[in-house]
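Everything below belongs to upload.csv, which stores CSV, C-alpha atoms.
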```
chain,number,residue,atom,x,y,z
A,1098,MET,CA,71.6,96.1,90.4
A,1099,LEU,CA,75.1,96.6,89.3
A,1100,PHE,CA,77.9,97.1,91.8
A,1101,ASN,CA,81.5,98.2,91.5
A,1102,VAL,CA,83.8,96.1,93.6
A,1103,GLU,CA,87.4,96.9,94.7
A,1104,VAL,CA,89.5,94.4,96.5
A,1105,LYS,CA,92.8,95.6,98.1
A,1106,ILE,CA,95.2,92.8,98.8
A,1107,SER,CA,98.4,93.3,100.9
A,1108,LEU,CA,100.8,91.0,102.7
A,1109,LYS,CA,100.3,90.5,106.4
A,1110,ASN,CA,102.8,92.2,108.7
A,1111,GLY,CA,106.0,90.2,109.1
A,1112,MET,CA,105.6,88.4,105.7
A,1113,LEU,CA,108.7,88.7,103.5
A,1114,ASN,CA,108.0,90.7,100.3
A,1115,PRO,CA,110.7,89.9,97.7
A,1116,GLU,CA,109.1,92.2,95.1
A,1117,ALA,CA,109.4,95.2,97.5
A,1118,THR,CA,113.0,94.2,98.4
A,1119,THR,CA,113.9,94.1,94.8
A,1120,ILE,CA,112.4,97.5,94.2
A,1121,GLU,CA,114.3,99.0,97.1
A,1122,ARG,CA,117.6,97.5,95.9
A,1123,SER,CA,117.1,98.5,92.2
A,1124,LEU,CA,116.2,102.1,93.2
A,1125,ASP,CA,119.3,102.1,95.3
A,1126,LEU,CA,121.4,101.2,92.2
A,1127,LEU,CA,119.8,104.2,90.4
A,1128,GLY,CA,121.0,106.4,93.3
A,1129,TYR,CA,117.7,106.7,95.2
A,1130,ASP,CA,117.6,105.8,98.9
A,1131,VAL,CA,114.1,104.6,99.7
A,1132,ASN,CA,112.9,102.7,102.8
A,1133,ASN,CA,110.0,100.6,103.9
A,1134,ALA,CA,108.8,99.7,100.4
A,1135,LYS,CA,105.5,97.8,100.2
A,1136,THR,CA,103.4,96.5,97.4
A,1137,ILE,CA,99.6,96.3,97.3
A,1138,ASP,CA,97.5,94.7,94.6
A,1139,ILE,CA,94.1,96.0,93.7
A,1140,ILE,CA,91.5,94.0,91.7
A,1141,THR,CA,88.4,95.8,90.5
A,1142,PHE,CA,85.4,94.4,88.7
A,1143,GLU,CA,81.6,94.9,88.3
A,1144,MET,CA,79.0,92.4,89.4
A,1145,ASP,CA,75.3,92.1,89.7
A,1146,GLY,CA,73.6,91.6,93.1
A,1147,ASP,CA,70.5,92.4,95.1
A,1148,ASP,CA,72.1,94.7,97.7
A,1149,GLU,CA,75.5,95.7,99.0
A,1150,SER,CA,75.7,93.2,101.8
A,1151,GLU,CA,74.9,90.3,99.4
A,1152,VAL,CA,77.7,91.4,97.0
A,1153,ASN,CA,80.1,91.9,100.0
A,1154,GLU,CA,79.4,88.3,101.2
A,1155,ASN,CA,80.1,86.9,97.7
A,1156,VAL,CA,83.3,88.9,97.4
A,1157,VAL,CA,84.5,87.6,100.8
A,1158,ASP,CA,83.9,84.1,99.5
A,1159,MET,CA,85.9,84.9,96.3
A,1160,CYS,CA,88.7,86.2,98.3
A,1161,GLU,CA,88.9,83.2,100.6
A,1162,ARG,CA,88.6,80.7,97.7
A,1163,LEU,CA,90.6,82.4,94.9
A,1164,LEU,CA,91.8,86.0,95.0
A,1165,CYS,CA,93.8,85.8,98.2
A,1166,ASN,CA,95.8,83.4,100.3
A,1167,PRO,CA,94.2,84.0,103.7
A,1168,VAL,CA,97.3,82.7,105.4
A,1169,ILE,CA,99.6,85.5,104.2
A,1170,HIS,CA,97.3,88.2,102.8
A,1171,ASN,CA,95.0,90.8,104.3
A,1172,TYR,CA,92.2,92.1,102.1
A,1173,GLU,CA,89.9,95.0,102.2
A,1174,ILE,CA,86.7,95.0,100.2
A,1175,SER,CA,84.8,98.1,99.0
A,1176,VAL,CA,81.5,97.8,97.2
A,1177,THR,CA,79.8,100.8,95.6
A,1178,ALA,CA,76.5,100.8,93.7
A,1179,LEU,CA,76.7,102.0,90.1
A,1180,ASP,CA,73.9,104.1,88.7
B,368,MET,CA,112.2,115.8,105.7
B,369,LEU,CA,110.6,112.4,105.3
B,370,PHE,CA,107.9,111.8,102.7
B,371,ASN,CA,105.5,108.9,102.1
B,372,VAL,CA,105.2,108.1,98.4
B,373,GLU,CA,102.5,106.1,96.7
B,374,VAL,CA,102.7,105.1,93.1
B,375,LYS,CA,99.6,103.7,91.5
B,376,ILE,CA,100.3,101.7,88.3
B,377,SER,CA,97.6,100.6,85.8
B,378,LEU,CA,97.6,99.5,82.3
B,379,LYS,CA,96.7,102.0,79.6
B,380,ASN,CA,93.2,101.7,78.0
B,381,GLY,CA,93.1,99.1,75.3
B,382,MET,CA,96.1,97.1,76.6
B,383,LEU,CA,95.3,93.4,77.1
B,384,ASN,CA,95.4,92.3,80.8
B,385,PRO,CA,95.8,88.5,80.9
B,386,GLU,CA,95.8,88.6,84.8
B,387,ALA,CA,92.3,90.2,84.8
B,388,THR,CA,91.1,87.9,82.1
B,389,THR,CA,92.2,84.9,84.2
B,390,ILE,CA,90.5,86.3,87.3
B,391,GLU,CA,87.2,86.7,85.4
B,392,ARG,CA,87.4,83.2,83.9
B,393,SER,CA,88.3,81.6,87.3
B,394,LEU,CA,85.6,83.4,89.1
B,395,ASP,CA,83.2,82.2,86.4
B,396,LEU,CA,84.3,78.6,87.1
B,397,LEU,CA,83.4,79.2,90.8
B,398,GLY,CA,79.9,80.4,89.7
B,399,TYR,CA,80.4,84.1,89.9
B,400,ASP,CA,79.6,86.3,86.9
B,401,VAL,CA,81.9,89.4,87.0
B,402,ASN,CA,82.7,91.8,84.3
B,403,ASN,CA,85.2,94.5,83.4
B,404,ALA,CA,87.9,93.2,85.8
B,405,LYS,CA,91.0,95.3,86.1
B,406,THR,CA,94.2,95.1,88.1
B,407,ILE,CA,96.2,97.9,89.6
B,408,ASP,CA,99.5,97.8,91.4
B,409,ILE,CA,100.5,100.1,94.2
B,410,ILE,CA,104.0,100.6,95.4
B,411,THR,CA,104.6,102.6,98.6
B,412,PHE,CA,107.8,103.7,100.2
B,413,GLU,CA,109.4,106.4,102.3
B,414,MET,CA,112.1,108.7,101.1
B,415,ASP,CA,114.0,111.9,102.3
B,416,GLY,CA,113.7,115.1,100.4
B,417,ASP,CA,113.7,118.9,100.7
B,418,ASP,CA,110.1,119.5,99.6
B,419,GLU,CA,107.2,117.8,97.9
B,420,SER,CA,108.0,119.0,94.4
B,421,GLU,CA,111.6,117.7,94.6
B,422,VAL,CA,110.4,114.3,95.8
B,423,ASN,CA,107.7,114.2,93.1
B,424,GLU,CA,110.3,115.0,90.4
B,425,ASN,CA,112.5,112.1,91.7
B,426,VAL,CA,109.6,109.7,91.7
B,427,VAL,CA,108.6,110.6,88.1
B,428,ASP,CA,112.2,109.7,87.2
B,429,MET,CA,111.9,106.4,89.1
B,430,CYS,CA,108.7,105.6,87.3
B,431,GLU,CA,110.1,106.3,83.8
B,432,ARG,CA,113.3,104.4,84.5
B,433,LEU,CA,112.3,101.4,86.6
B,434,LEU,CA,108.9,101.2,88.2
B,435,CYS,CA,106.7,101.5,85.0
B,436,ASN,CA,106.8,100.8,81.4
B,437,PRO,CA,105.6,104.2,80.0
B,438,VAL,CA,104.6,102.5,76.7
B,439,ILE,CA,101.8,100.4,78.4
B,440,HIS,CA,101.3,101.9,81.9
B,441,ASN,CA,99.7,104.9,83.4
B,442,TYR,CA,101.0,106.0,86.8
B,443,GLU,CA,99.7,108.3,89.5
B,444,ILE,CA,102.0,109.6,92.2
B,445,SER,CA,101.0,110.9,95.5
B,446,VAL,CA,103.5,112.4,98.0
B,447,THR,CA,102.6,113.2,101.6
B,448,ALA,CA,104.9,114.6,104.3
B,449,LEU,CA,105.4,112.5,107.4
B,450,ASP,CA,105.7,114.2,110.7
```

Could you render the structure as structure tokens?
Amino acid sequence: MLFNVEVKISLKNGMLNPEATTIERSLDLLGYDVNNAKTIDIITFEMDGDDESEVNENVVDMCERLLCNPVIHNYEISVTALD
Amino acid sequence: MLFNVEVKISLKNGMLNPEATTIERSLDLLGYDVNNAKTIDIITFEMDGDDESEVNENVVDMCERLLCNPVIHNYEISVTALD
């Protein structure tokens, strides 16, 4: 069975985010005053599996080993079955 | 009035995505067979404005001038009022 997987990766609270700081500063130079900028990365892919919980377990493993740095990142996984 | 802005930036169809290709290949090395990997970037921030349409107009300008490359990126903007 084919599943669609979405992994949402964000920095943990309190971690410095130089990308967001640069965006704020650059928008300020263009005349826009924005605050509290954050960046989030989403990775989506399709994979085969027996059921949702098996796929979810595999994706947690992928996150811990490759996709995220568990020390600085939070991640949210959503798995949906494709027809 | 304060608004919460979310900009979702993805590559246009047909654009090569080396990041996604690397993710697929690396997951393959870990023993996971995934397909059709895509990456999406989300930028969120807060900004002041009179109403939703004014904020939206400003964010379109930010996207065209700084946040996106309109030649290769699609972007979706969502603006919600904060209490």

**chain B residues near chain A (6 Å cut-off, all atoms listed in the file) as number ranges by chain** = B: 401-414

Extending 4 Å beyond the listed atoms of segment 406-415 of chain B on each side, what axis-aligned box results? I want centre and edge lengths in Å to one decimal, as lines of an AutoDock Vina configuration file.
```
center_x = 104.1
center_y = 103.5
center_z = 95.2
size_x = 27.8
size_y = 24.8
size_z = 22.2
```

**Request:** Can you pull out every residue within 12 Å of Lys1109 of chain A, counting all atoms listed in the file, but drop anything in the same chain fewer than 2 positions away, and send it as a ChimeraX atom specification?
**Result:** /A:1106-1107,1111-1114,1135-1137,1165-1172

**Request:** Mind giving me the straight-line distance from atom CA of Leu378 of chain B to atom CA of Thr1177 of chain A in Å, one decimal?
**Result:**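 We find that atom CA of Leu378 of chain B and atom CA of Thr1177 of chain A lie 22.3 Å from each other.
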
**Asked** So how many Å separate atom CA of Ile444 of chain B and atom CA of Asp418 of chain B, to one decimal?
**Response** 14.8 Å

**Distance in Å - atom CA of Glu1149 of chain A versus atom CA of Ala1178 of chain A** = 7.4 Å
